[in-house]
Amino acid sequence: MIKIHPSLWFVLRLIVLYVFFYGLSLALIGLTSPAGKFYFPFFAEKLNLVEGFRIFLLKASGIFSSLSGFETEVIPPYKLIVGNSGITLVYSCMGYGLMSLWLALVMAYPSRWSQKISPLVGGIILINLLNILRIGGLAMLYSKGKIELFNWIDHHTLFNTVVYVSLFGVFIAWIKTLDNDKD
């Protein structure tokens, strides 16, 4: 019988889980988007988790902008208007790739399920909180005519980098707490 090294086993589980969660996200988009290859009206009308999540992100970003003193309006299912300009929240800005990686990373790590609940929930909250701040912040910058700030940098890549670094730090801190519990 072939014995697989625990590190390799972790990487294999990580890849399989990531492909599963990311694929599930894409499948949900494909089933609920009229432009999708696998559009299924029942899912789009009754089980459209993607649109519900998008509206949640837009409304939460609108609340953040409002608390910052801006007039905001959400035009479902895609637009956030702040002041006199707005943003369109496309699929790639919803963070499903980041959430897929986080879920896979924590679930693949060898520990008890009871030890995984807190980091799973906390990481998803962190990802979405940072995304809400990004969406609201961009909308406020656009409304103030500060768009030229993003002519030299891709805000999507910057956001992903910040979140990946943050999640890596949270993951390492979580692993250290697990190691401390063993002592």
# chains A, B, ... in the order shown; residues from 1 in each chain; ligands from 1
call {"tool": "residues_around", "arguments": {"residues": "stretch 139-147 of chain A", "least_positions_apart": "6", "cutoff": "8 Å", "atoms": "only C-alpha atoms", "output": "count of residues only"}}
result
10
call {"tool": "closest_atom_pairs", "arguments": {"of": "stretch 61-156 of chain A", "to": "stretch 10-13 of chain A", "cutoff": "12 Å", "atoms": "only C-alpha atoms", "output": "tab-separated table"}}
result
residue	atom	partner	partner_atom	distance
A:Leu101	CA	A:Arg13	CA	11.6
A:Leu103	CA	A:Arg13	CA	11.4
A:Ala104	CA	A:Arg13	CA	7.8
A:Leu105	CA	A:Arg13	CA	8.6
A:Val106	CA	A:Phe10	CA	10.2
A:Met107	CA	A:Arg13	CA	8.4
A:Ala108	CA	A:Arg13	CA	5.3
A:Tyr109	CA	A:Phe10	CA	6.1
A:Pro110	CA	A:Phe10	CA	7.3
A:Ser111	CA	A:Phe10	CA	11.0
call {"tool": "write_last_selection", "arguments": {"atoms": "C-alpha atoms", "output": "mmCIF file, in the first residue's frame"}}
result
data_model
loop_
_atom_site.group_PDB
_atom_site.id
_atom_site.type_symbol
_atom_site.label_atom_id
_atom_site.label_comp_id
_atom_site.auth_asym_id
_atom_site.auth_seq_id
_atom_site.Cartn_x
_atom_site.Cartn_y
_atom_site.Cartn_z
ATOM 1 C CA LEU A 101 -9.950 29.101 -1.748
ATOM 2 C CA LEU A 103 -13.157 27.157 2.309
ATOM 3 C CA ALA A 104 -10.825 24.670 0.620
ATOM 4 C CA LEU A 105 -7.780 25.765 2.634
ATOM 5 C CA VAL A 106 -9.466 25.427 6.023
ATOM 6 C CA MET A 107 -11.385 22.265 5.161
ATOM 7 C CA ALA A 108 -8.291 20.549 3.744
ATOM 8 C CA TYR A 109 -6.172 21.228 6.814
ATOM 9 C CA PRO A 110 -5.943 18.210 9.121
ATOM 10 C CA SER A 111 -7.851 19.146 12.260
#
call {"tool": "atom_distance", "arguments": {"atom1": "atom CA of A:Asp154", "atom2": "atom CA of A:Ala60"}}
result
22.7 Å
call {"tool": "select_by_dssp", "arguments": {"residues": "stretch 3-176 of chain A", "states": "alpha helix (DSSP H)", "output": "VMD selection string"}}
result
chain A and resid 6 to 32 41 to 46 49 to 67 96 to 108 113 to 143 155 to 176
call {"tool": "select_by_dssp", "arguments": {"residues": "stretch 8-183 of chain A", "states": "strand (DSSP E)", "output": "list in words"}}
result
Thr72, Glu73, Val74, Ile75, Lys79, Leu80, Ile81, Val82, Ser85, Gly86, Ile87 and Thr88 of chain A
call {"tool": "residues_around", "arguments": {"residues": "A:Tyr22", "least_positions_apart": "3", "cutoff": "9 Å", "atoms": "only C-alpha atoms", "output": "list in words"}}
result
Leu17, Tyr18, Val19, Ser25, Leu26, Ala27, Tyr96, Gly97, Met99, Ser100 and Leu101 of chain A
call {"tool": "write_last_selection", "arguments": {"atoms": "C-alpha atoms", "output": "PDB file, in the first residue's frame"}}
result
ATOM      1  CA  LEU A  17     -11.939  21.130  -2.640  1.00  0.00           C
ATOM      2  CA  TYR A  18     -10.979  24.364  -4.410  1.00  0.00           C
ATOM      3  CA  VAL A  19     -11.996  22.963  -7.803  1.00  0.00           C
ATOM      4  CA  SER A  25     -19.823  28.886  -7.950  1.00  0.00           C
ATOM      5  CA  LEU A  26     -19.455  28.852 -11.720  1.00  0.00           C
ATOM      6  CA  ALA A  27     -22.261  26.297 -12.031  1.00  0.00           C
ATOM      7  CA  TYR A  96     -16.367  33.717  -4.988  1.00  0.00           C
ATOM      8  CA  GLY A  97     -12.837  32.682  -5.983  1.00  0.00           C
ATOM      9  CA  MET A  99     -14.186  32.318  -0.700  1.00  0.00           C
ATOM     10  CA  SER A 100     -13.645  29.058  -2.597  1.00  0.00           C
ATOM     11  CA  LEU A 101      -9.950  29.101  -1.748  1.00  0.00           C
TER      12      LEU A 101
END
call {"tool": "closest_residue", "arguments": {"among": "A:Trp174, A:Phe21, A:Phe56, A:Trp9", "to": "A:Lys79", "atoms": "only C-alpha atoms"}}
result
A:Phe56
call {"tool": "decode", "arguments": {"residues": "stretch 73-141 of chain A", "atoms": "C-alpha atoms", "output": "mmCIF file, in the first residue's frame"}}
result
data_model
loop_
_atom_site.group_PDB
_atom_site.id
_atom_site.type_symbol
_atom_site.label_atom_id
_atom_site.label_comp_id
_atom_site.auth_asym_id
_atom_site.auth_seq_id
_atom_site.Cartn_x
_atom_site.Cartn_y
_atom_site.Cartn_z
ATOM 1 C CA GLU A 73 -29.027 54.076 -4.294
ATOM 2 C CA VAL A 74 -28.948 50.409 -5.220
ATOM 3 C CA ILE A 75 -30.497 49.519 -8.549
ATOM 4 C CA PRO A 76 -30.895 45.733 -8.454
ATOM 5 C CA PRO A 77 -29.434 43.524 -9.562
ATOM 6 C CA TYR A 78 -26.134 45.129 -10.626
ATOM 7 C CA LYS A 79 -25.684 48.825 -9.831
ATOM 8 C CA LEU A 80 -24.667 50.946 -6.875
ATOM 9 C CA ILE A 81 -25.125 54.666 -7.400
ATOM 10 C CA VAL A 82 -23.150 56.946 -5.092
ATOM 11 C CA GLY A 83 -23.573 60.660 -5.599
ATOM 12 C CA ASN A 84 -23.644 61.281 -9.328
ATOM 13 C CA SER A 85 -21.887 58.117 -10.539
ATOM 14 C CA GLY A 86 -22.105 54.412 -10.017
ATOM 15 C CA ILE A 87 -20.487 51.050 -10.322
ATOM 16 C CA THR A 88 -21.624 47.777 -11.804
ATOM 17 C CA LEU A 89 -20.878 44.715 -9.716
ATOM 18 C CA VAL A 90 -19.837 41.957 -12.116
ATOM 19 C CA TYR A 91 -19.371 38.289 -11.187
ATOM 20 C CA SER A 92 -15.587 38.509 -10.915
ATOM 21 C CA CYS A 93 -15.911 41.196 -8.221
ATOM 22 C CA MET A 94 -18.088 39.144 -5.899
ATOM 23 C CA GLY A 95 -15.228 37.257 -4.248
ATOM 24 C CA TYR A 96 -16.367 33.717 -4.988
ATOM 25 C CA GLY A 97 -12.837 32.682 -5.983
ATOM 26 C CA LEU A 98 -11.438 34.003 -2.706
ATOM 27 C CA MET A 99 -14.186 32.318 -0.700
ATOM 28 C CA SER A 100 -13.645 29.058 -2.597
ATOM 29 C CA LEU A 101 -9.950 29.101 -1.748
ATOM 30 C CA TRP A 102 -10.589 29.925 1.901
ATOM 31 C CA LEU A 103 -13.157 27.157 2.309
ATOM 32 C CA ALA A 104 -10.825 24.670 0.620
ATOM 33 C CA LEU A 105 -7.780 25.765 2.634
ATOM 34 C CA VAL A 106 -9.466 25.427 6.023
ATOM 35 C CA MET A 107 -11.385 22.265 5.161
ATOM 36 C CA ALA A 108 -8.291 20.549 3.744
ATOM 37 C CA TYR A 109 -6.172 21.228 6.814
ATOM 38 C CA PRO A 110 -5.943 18.210 9.121
ATOM 39 C CA SER A 111 -7.851 19.146 12.260
ATOM 40 C CA ARG A 112 -11.179 18.354 13.887
ATOM 41 C CA TRP A 113 -14.287 19.797 12.259
ATOM 42 C CA SER A 114 -15.180 21.576 15.486
ATOM 43 C CA GLN A 115 -11.890 23.482 15.191
ATOM 44 C CA LYS A 116 -12.705 24.557 11.619
ATOM 45 C CA ILE A 117 -16.080 26.248 12.166
ATOM 46 C CA SER A 118 -14.738 29.487 13.618
ATOM 47 C CA PRO A 119 -12.070 30.099 10.938
ATOM 48 C CA LEU A 120 -14.474 29.101 8.149
ATOM 49 C CA VAL A 121 -17.100 31.609 9.275
ATOM 50 C CA GLY A 122 -14.559 34.263 10.280
ATOM 51 C CA GLY A 123 -12.707 34.059 6.961
ATOM 52 C CA ILE A 124 -15.896 34.353 4.910
ATOM 53 C CA ILE A 125 -16.945 37.359 6.998
ATOM 54 C CA LEU A 126 -13.485 38.938 6.549
ATOM 55 C CA ILE A 127 -13.535 38.429 2.777
ATOM 56 C CA ASN A 128 -16.984 39.955 2.447
ATOM 57 C CA LEU A 129 -16.275 42.835 4.820
ATOM 58 C CA LEU A 130 -13.171 43.761 2.833
ATOM 59 C CA ASN A 131 -15.136 43.443 -0.408
ATOM 60 C CA ILE A 132 -17.918 45.705 0.913
ATOM 61 C CA LEU A 133 -15.324 48.312 1.893
ATOM 62 C CA ARG A 134 -13.722 48.024 -1.556
ATOM 63 C CA ILE A 135 -16.988 48.335 -3.478
ATOM 64 C CA GLY A 136 -18.234 51.241 -1.377
ATOM 65 C CA GLY A 137 -14.824 52.912 -1.427
ATOM 66 C CA LEU A 138 -14.531 52.659 -5.198
ATOM 67 C CA ALA A 139 -18.031 54.024 -5.651
ATOM 68 C CA MET A 140 -17.186 56.988 -3.415
ATOM 69 C CA LEU A 141 -13.920 57.642 -5.288
#
